[in-house]
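S.K.: The following file, final36.cif, comprises mmCIF, C-alpha atoms:
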data_model
loop_
_atom_site.label_atom_id
_atom_site.label_comp_id
_atom_site.auth_asym_id
_atom_site.auth_seq_id
_atom_site.Cartn_x
_atom_site.Cartn_y
_atom_site.Cartn_z
CA GLU M 209 -91.85 150.01 -181.61
CA GLY M 210 -89.13 149.43 -179.02
CA ALA M 211 -87.03 152.42 -180.12
CA ASN M 212 -88.17 154.47 -177.12
CA ASN M 213 -89.23 151.65 -174.80
CA LEU M 214 -87.11 152.02 -171.66
CA ASP M 215 -87.18 148.33 -170.79
CA VAL M 216 -86.02 147.40 -174.29
CA LEU M 217 -83.30 150.05 -174.29
CA GLU M 218 -82.10 148.97 -170.85
CA TYR M 219 -81.91 145.34 -171.99
CA LYS M 220 -80.02 146.43 -175.12
CA ALA M 221 -77.53 148.50 -173.06
CA ASP M 222 -77.04 145.65 -170.57
CA SER M 223 -76.36 143.27 -173.48
CA TYR M 224 -73.76 145.63 -174.97
CA ALA M 225 -72.09 145.91 -171.55
CA LYS M 226 -71.95 142.11 -171.13
CA LEU M 227 -70.27 141.90 -174.53
CA ASN M 228 -67.75 144.55 -173.40
CA ASN M 229 -69.03 146.88 -176.12
CA TYR M 230 -68.89 149.76 -173.65
CA ASP M 231 -69.23 152.61 -176.15
CA SER M 232 -72.54 151.26 -177.48
CA ALA M 233 -73.69 150.50 -173.92
CA LEU M 234 -72.94 154.07 -172.81
CA ALA M 235 -74.72 155.53 -175.83
CA THR M 236 -77.79 153.40 -175.12
CA TYR M 237 -77.85 154.18 -171.38
CA ASN M 238 -77.55 157.88 -172.21
CA ARG M 239 -80.47 157.51 -174.64
CA VAL M 240 -82.50 156.07 -171.74
CA LEU M 241 -81.59 159.08 -169.58
CA GLN M 242 -82.65 161.46 -172.35
CA ILE M 243 -86.10 159.87 -172.27
CA ASP M 244 -86.25 159.57 -168.47
CA PRO M 245 -83.55 161.49 -166.51
CA ASN M 246 -84.52 159.59 -163.34
CA TYR M 247 -84.07 156.07 -164.69
CA GLY M 248 -81.82 154.73 -161.94
CA LYS M 249 -80.81 151.48 -163.64
CA ALA M 250 -79.27 153.46 -166.50
CA VAL M 251 -77.33 155.57 -163.99
CA ALA M 252 -76.07 152.40 -162.27
CA GLY M 253 -75.14 150.88 -165.64
CA ILE M 254 -73.10 153.91 -166.61
CA CYS M 255 -71.37 153.94 -163.21
CA GLU M 256 -70.47 150.27 -163.57
CA ILE M 257 -68.92 150.87 -167.00
CA TYR M 258 -66.87 153.78 -165.65
CA LYS M 259 -65.79 151.57 -162.75
CA GLN M 260 -64.75 148.74 -165.09
CA ARG M 261 -62.81 151.18 -167.25
CA ARG M 262 -61.33 152.86 -164.14
CA ASN M 263 -62.58 156.15 -165.53
CA VAL M 264 -62.43 157.98 -162.22
CA THR M 265 -63.27 161.49 -163.48
CA GLU M 266 -66.53 160.43 -165.13
CA LEU M 267 -67.51 158.14 -162.27
CA ARG M 268 -66.92 160.94 -159.76
CA ALA M 269 -69.07 163.26 -161.95
CA MET M 270 -71.93 160.72 -161.96
CA ILE M 271 -71.71 160.34 -158.19
CA ASP M 272 -71.72 164.10 -157.66
CA LYS M 273 -74.64 164.56 -160.06
CA TYR M 274 -76.92 161.96 -158.48
CA ARG M 275 -75.85 161.58 -154.84
CA ASN M 276 -78.40 164.12 -153.55
CA THR M 277 -81.32 163.13 -155.76
CA ASN M 278 -84.24 160.75 -155.40
CA ILE M 279 -82.22 158.06 -157.24
CA ALA M 280 -79.13 158.39 -155.03
CA SER M 281 -79.38 154.71 -154.09
CA PHE M 282 -78.15 153.81 -157.59
CA VAL M 283 -74.81 155.61 -157.10
CA GLU M 284 -74.46 154.67 -153.42
CA PRO M 285 -72.47 151.46 -154.12
CA TYR M 286 -69.82 153.53 -155.94
CA ILE M 287 -69.32 156.10 -153.18
CA THR M 288 -66.24 155.46 -151.06
CA LYS M 289 -67.13 156.01 -147.40
CA SER M 290 -64.82 157.98 -145.13
CA PRO M 291 -62.80 156.07 -142.52
CA VAL M 292 -63.81 156.14 -138.84
CA PHE M 293 -61.51 156.66 -135.86
CA SER M 294 -61.79 154.87 -132.53
CA PRO M 295 -61.65 156.31 -129.95
CA GLU M 296 -63.01 159.67 -131.02
CA GLN M 297 -60.61 162.58 -130.94
CA GLY M 298 -60.05 164.42 -127.68
CA THR M 299 -57.87 164.54 -124.57
CA LEU M 300 -56.70 161.22 -123.14
CA GLU M 301 -54.91 160.32 -119.91
CA GLU M 302 -53.65 156.78 -120.56
CA ASP M 303 -51.83 154.75 -123.20
CA THR M 304 -54.10 154.60 -126.23
CA ASN M 305 -54.02 152.90 -129.62
CA VAL M 306 -56.13 154.49 -132.35
CA THR M 307 -57.87 152.17 -134.81
CA ILE M 308 -59.16 153.30 -138.19
CA THR M 309 -61.86 151.33 -139.98
CA SER M 310 -63.70 151.47 -143.28
CA ASP M 311 -67.09 149.89 -143.79
CA SER M 312 -66.18 148.27 -147.09
CA ASN M 313 -62.64 146.97 -146.43
CA THR M 314 -61.31 149.75 -148.64
CA PRO M 315 -57.58 150.48 -148.17
CA ILE M 316 -56.93 153.32 -145.71
CA TYR M 317 -54.01 155.73 -146.03
CA TYR M 318 -53.01 158.14 -143.27
CA THR M 319 -50.53 160.83 -142.27
CA LEU M 320 -49.29 162.08 -138.91
CA ASP M 321 -47.56 165.25 -140.13
CA GLY M 322 -50.61 167.31 -141.12
CA SER M 323 -50.25 166.63 -144.86
CA GLU M 324 -53.13 165.38 -147.00
CA PRO M 325 -53.05 161.57 -147.33
CA ASP M 326 -52.89 159.80 -150.68
CA THR M 327 -51.66 156.46 -152.02
CA ASN M 328 -48.07 157.47 -151.23
CA SER M 329 -48.92 157.91 -147.53
CA ASN M 330 -48.79 155.27 -144.79
CA LEU M 331 -51.04 152.29 -145.54
CA TYR M 332 -53.03 151.54 -142.39
CA THR M 333 -52.40 147.95 -141.26
CA LYS M 334 -52.45 148.13 -137.45
CA ALA M 335 -53.52 150.41 -134.61
CA ILE M 336 -51.54 153.62 -134.16
CA LYS M 337 -49.95 154.03 -130.72
CA LEU M 338 -50.20 157.62 -129.49
CA GLU M 339 -47.20 159.40 -128.07
CA GLU M 340 -47.51 161.88 -125.22
CA GLY M 341 -48.45 165.31 -126.53
CA THR M 342 -50.66 166.24 -129.47
CA THR M 343 -51.07 163.96 -132.50
CA GLN M 344 -53.12 164.81 -135.58
CA ILE M 345 -54.11 161.91 -137.82
CA LYS M 346 -55.54 162.48 -141.31
CA ALA M 347 -56.97 159.48 -143.14
CA ILE M 348 -58.62 158.68 -146.45
CA CYS M 349 -60.10 155.58 -148.11
CA ILE M 350 -59.31 154.98 -151.77
CA SER M 351 -61.24 152.29 -153.61
CA ASP M 352 -59.47 149.79 -155.84
CA TYR M 353 -60.87 151.67 -158.83
CA GLY M 354 -59.54 155.04 -157.66
CA ILE M 355 -62.49 156.80 -156.02
CA LYS M 356 -61.42 158.69 -152.91
CA SER M 357 -63.46 159.32 -149.78
CA ASN M 358 -63.40 162.63 -147.98
CA VAL M 359 -60.32 163.17 -145.82
CA VAL M 360 -61.13 162.91 -142.11
CA THR M 361 -59.01 164.38 -139.32
CA ALA M 362 -58.75 163.48 -135.65
CA THR M 363 -56.61 165.31 -133.09
CA TYR M 364 -55.59 163.62 -129.86
CA SER M 365 -53.94 165.18 -126.85
CA LEU M 366 -52.31 162.58 -124.61
CA LYS M 367 -51.40 163.81 -121.16
CA PHE M 368 -50.73 161.06 -118.68
CA LYS M 369 -52.57 161.45 -115.40
CA GLU M 370 -50.37 162.05 -112.38
CA PRO M 371 -50.38 159.06 -110.03
CA GLU M 372 -51.71 159.53 -106.51
CA ALA M 373 -49.07 160.20 -103.85
CA PRO M 374 -47.80 157.03 -102.12
CA ASN M 375 -49.12 156.07 -98.70
CA ILE M 376 -46.69 155.63 -95.77
CA SER M 377 -47.94 153.30 -93.05
CA LEU M 378 -46.46 155.29 -90.11
CA ALA M 379 -47.31 158.84 -89.21
CA SER M 380 -44.49 161.37 -88.91
CA GLY M 381 -43.13 161.65 -85.37
CA VAL M 382 -40.60 160.42 -82.84
CA TYR M 383 -40.49 156.72 -81.99
CA ILE M 384 -38.47 155.29 -79.06
CA THR M 385 -38.29 151.76 -80.48
CA GLY M 386 -37.47 150.52 -83.95
CA GLN M 387 -40.37 150.57 -86.39
CA THR M 388 -41.13 149.03 -89.77
CA LEU M 389 -43.09 150.99 -92.28
CA ASN M 390 -44.67 150.12 -95.60
CA ILE M 391 -45.04 152.38 -98.62
CA THR M 392 -47.86 151.55 -101.00
CA ALA M 393 -49.11 153.14 -104.21
CA ASP M 394 -51.55 152.59 -107.06
CA PRO M 395 -50.98 149.56 -109.31
CA GLY M 396 -48.84 150.28 -112.35
CA THR M 397 -46.59 152.74 -110.52
CA THR M 398 -43.04 152.47 -109.18
CA ILE M 399 -42.15 153.91 -105.79
CA TYR M 400 -38.87 155.76 -105.25
CA TYR M 401 -37.74 157.00 -101.83
CA THR M 402 -34.92 158.68 -99.92
CA ILE M 403 -33.94 158.55 -96.29
#
What would you get if you wrote out this structure as structure tokens?

M.R.:
Amino acid sequence: EGANNLDVLEYKADSYAKLNNYDSALATYNRVLQIDPNYGKAVAGICEIYKQRRNVTELRAMIDKYRNTNIASFVEPYITKSPVFSPEQGTLEEDTNVTITSDSNTPIYYTLDGSEPDTNSNLYTKAIKLEEGTTQIKAICISDYGIKSNVVTATYSLKFKEPEAPNISLASGVYITGQTLNITADPGTTIYYTI
């Protein structure tokens, strides 16, 4: 009587998976999906087996198949989110460090030469200090079981703002007695002068 009962089949597949009998578990989960293609727990069970086996190709196929369906929430935990840059790309006028974060503590790899990042690229461990000029950063998250996020790109243009001209305390002119003048400027600048 339980041959086509989804609850019974799910329990059977879960039991196979707990016993590490993954082939039987996969066959049973797939039987569930033949009966009900929208049975999310079977989709999640299959994804978990592919994750445990580090079977990236099949896991990626499951994610792609179900990510835009009404049971997308069952593949959501297996999707590697793209990294996020801070600040956002654009033109900057002061020393800036770019931080890259992932929402699941997934390792982040990045490049600064325009190439596509992978596990052989720089591993992100600290903020990236921008040099004057244009810098393009490409980054990717790769889960510990091999699923890659989309590559994200941010382009920064760092052009330091010109400091304001210094202020001289005396006006130009002719003075008949000795004078003292002060030269002041914005904080963070150095004043050079000639006489």

S.K.: Would you compute the distance between CA of Glu340 (chain M) and CA of Leu366 (chain M)? Give it in Å to one decimal.

M.R.: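 Pair CA of Glu340 (chain M) / CA of Leu366 (chain M) returns 4.9 Å.
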
S.K.: Name the residues that the PyMOL selection byres ((chain M and resi 388-394) around 9) picks from the file above, as a count of residues only, using the file's chain letters and numbers.

M.R.: 15

S.K.: Of the candidates M:Asn263, M:Thr402, M:Thr236, M:Thr343, which shows the shortest atom-to-atom distance to Ile355 (chain M), using all atoms listed in the file?

M.R.: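 Checking each of M:Asn263, M:Thr402, M:Thr236, M:Thr343 against Ile355 (chain M), counting all atoms listed in the file, the winner is M:Asn263.
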
S.K.: Can you pull out the residues contacting region 272-280 of chain M? Cut-off 10 Å, using all atoms listed in the file, and skip same-chain residues under 4 positions away; I want them as an mmCIF file with C-alpha atoms, in the frame of the given file.

M.R.:
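Dumped everything to result.cif:
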data_model
loop_
_atom_site.group_PDB
_atom_site.id
_atom_site.type_symbol
_atom_site.label_atom_id
_atom_site.label_comp_id
_atom_site.auth_asym_id
_atom_site.auth_seq_id
_atom_site.Cartn_x
_atom_site.Cartn_y
_atom_site.Cartn_z
ATOM 1 C CA PRO M 245 -83.550 161.490 -166.510
ATOM 2 C CA ASN M 246 -84.520 159.590 -163.340
ATOM 3 C CA TYR M 247 -84.070 156.070 -164.690
ATOM 4 C CA GLY M 248 -81.820 154.730 -161.940
ATOM 5 C CA LYS M 249 -80.810 151.480 -163.640
ATOM 6 C CA VAL M 251 -77.330 155.570 -163.990
ATOM 7 C CA ALA M 252 -76.070 152.400 -162.270
ATOM 8 C CA GLU M 266 -66.530 160.430 -165.130
ATOM 9 C CA LEU M 267 -67.510 158.140 -162.270
ATOM 10 C CA ARG M 268 -66.920 160.940 -159.760
ATOM 11 C CA GLU M 284 -74.460 154.670 -153.420
ATOM 12 C CA PRO M 285 -72.470 151.460 -154.120
ATOM 13 C CA ILE M 287 -69.320 156.100 -153.180
#

S.K.: On this structure, which residues satisfy the PyMOL selection byres ((chain M and resi 329) around 8), written as a CSV table (one decimal) with C-alpha atoms, keeping the file's coordinate frame?

M.R.:
chain,number,residue,atom,x,y,z
M,317,TYR,CA,-54.0,155.7,-146.0
M,318,TYR,CA,-53.0,158.1,-143.3
M,319,THR,CA,-50.5,160.8,-142.3
M,325,PRO,CA,-53.0,161.6,-147.3
M,326,ASP,CA,-52.9,159.8,-150.7
M,327,THR,CA,-51.7,156.5,-152.0
M,328,ASN,CA,-48.1,157.5,-151.2
M,330,ASN,CA,-48.8,155.3,-144.8
M,331,LEU,CA,-51.0,152.3,-145.5

S.K.: Quick one: residues within 9 Å of region 292-303 of chain M, only C-alpha atoms, excluding same-chain residues fewer than 3 positions away - as a PyMOL selection string?

M.R.: chain M and resi 306-311+337-340+342+347+360-370

S.K.: Please enumerate the residues selected by the PyMOL selection byres ((chain M and resi 356) around 10) when evaluated against the supplied file, formatted as a PyMOL selection string.

M.R.: chain M and resi 264+268+287-290+314+326+348-355+357-359

S.K.: If I take CA of Ser223 (chain M) and CA of Thr265 (chain M), how far is one from the other in Å, to one decimal?

M.R.: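 Straight-line distance from CA of Ser223 (chain M) to CA of Thr265 (chain M) works out to 24.6 Å.
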
S.K.: Distance CA of Ala221 (chain M)-CA of Ile257 (chain M), one decimal place?

M.R.: 10.8 Å

S.K.: For Ile336 (chain M), which residue among M:Tyr224, M:Asn313, M:Phe282, M:Asn305 is the nearest when counting all atoms listed in the file?

M.R.: M:Asn305

S.K.: Between M:Gln344, M:Asn212, M:Thr304, M:Asn228, which one has atoms that come closest to Asp321 (chain M), using all atoms listed in the file?

M.R.: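 Between M:Gln344, M:Asn212, M:Thr304, M:Asn228, the residue approaching Asp321 (chain M) most closely is M:Gln344.
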
S.K.: Grab all the atoms of region 253-262 of chain M that the file lists, wrap them in a box along x, y and z, add 3 Å per side, and give me centre plus edge lengths in Å (one decimal) as lines of an AutoDock Vina configuration file.

M.R.:
center_x = -68.2
center_y = 151.3
center_z = -165.0
size_x = 19.8
size_y = 11.2
size_z = 10.5

S.K.: Which is closer to Leu241 (chain M) than all the others in M:Asn213, M:Thr385, M:Ser323, M:Gln260, using only C-alpha atoms?

M.R.: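 When distances to Leu241 (chain M) are compared using only C-alpha atoms, the smallest one comes from M:Asn213.
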
S.K.: Counting only C-alpha atoms, which of M:Leu227, M:Val283, M:Ala233, M:Val240 gets nearest to Asp215 (chain M)?

M.R.: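 Looking only at the distances to Asp215 (chain M), the closest residue turns out to be M:Val240.
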
S.K.: Find, counting all atoms listed in the file, the residue in M:Arg261, M:Tyr230, M:Cys255, M:Leu217 that gets nearest to Gln242 (chain M).

M.R.: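 Counting all atoms listed in the file, the residue closest to Gln242 (chain M) is M:Leu217.
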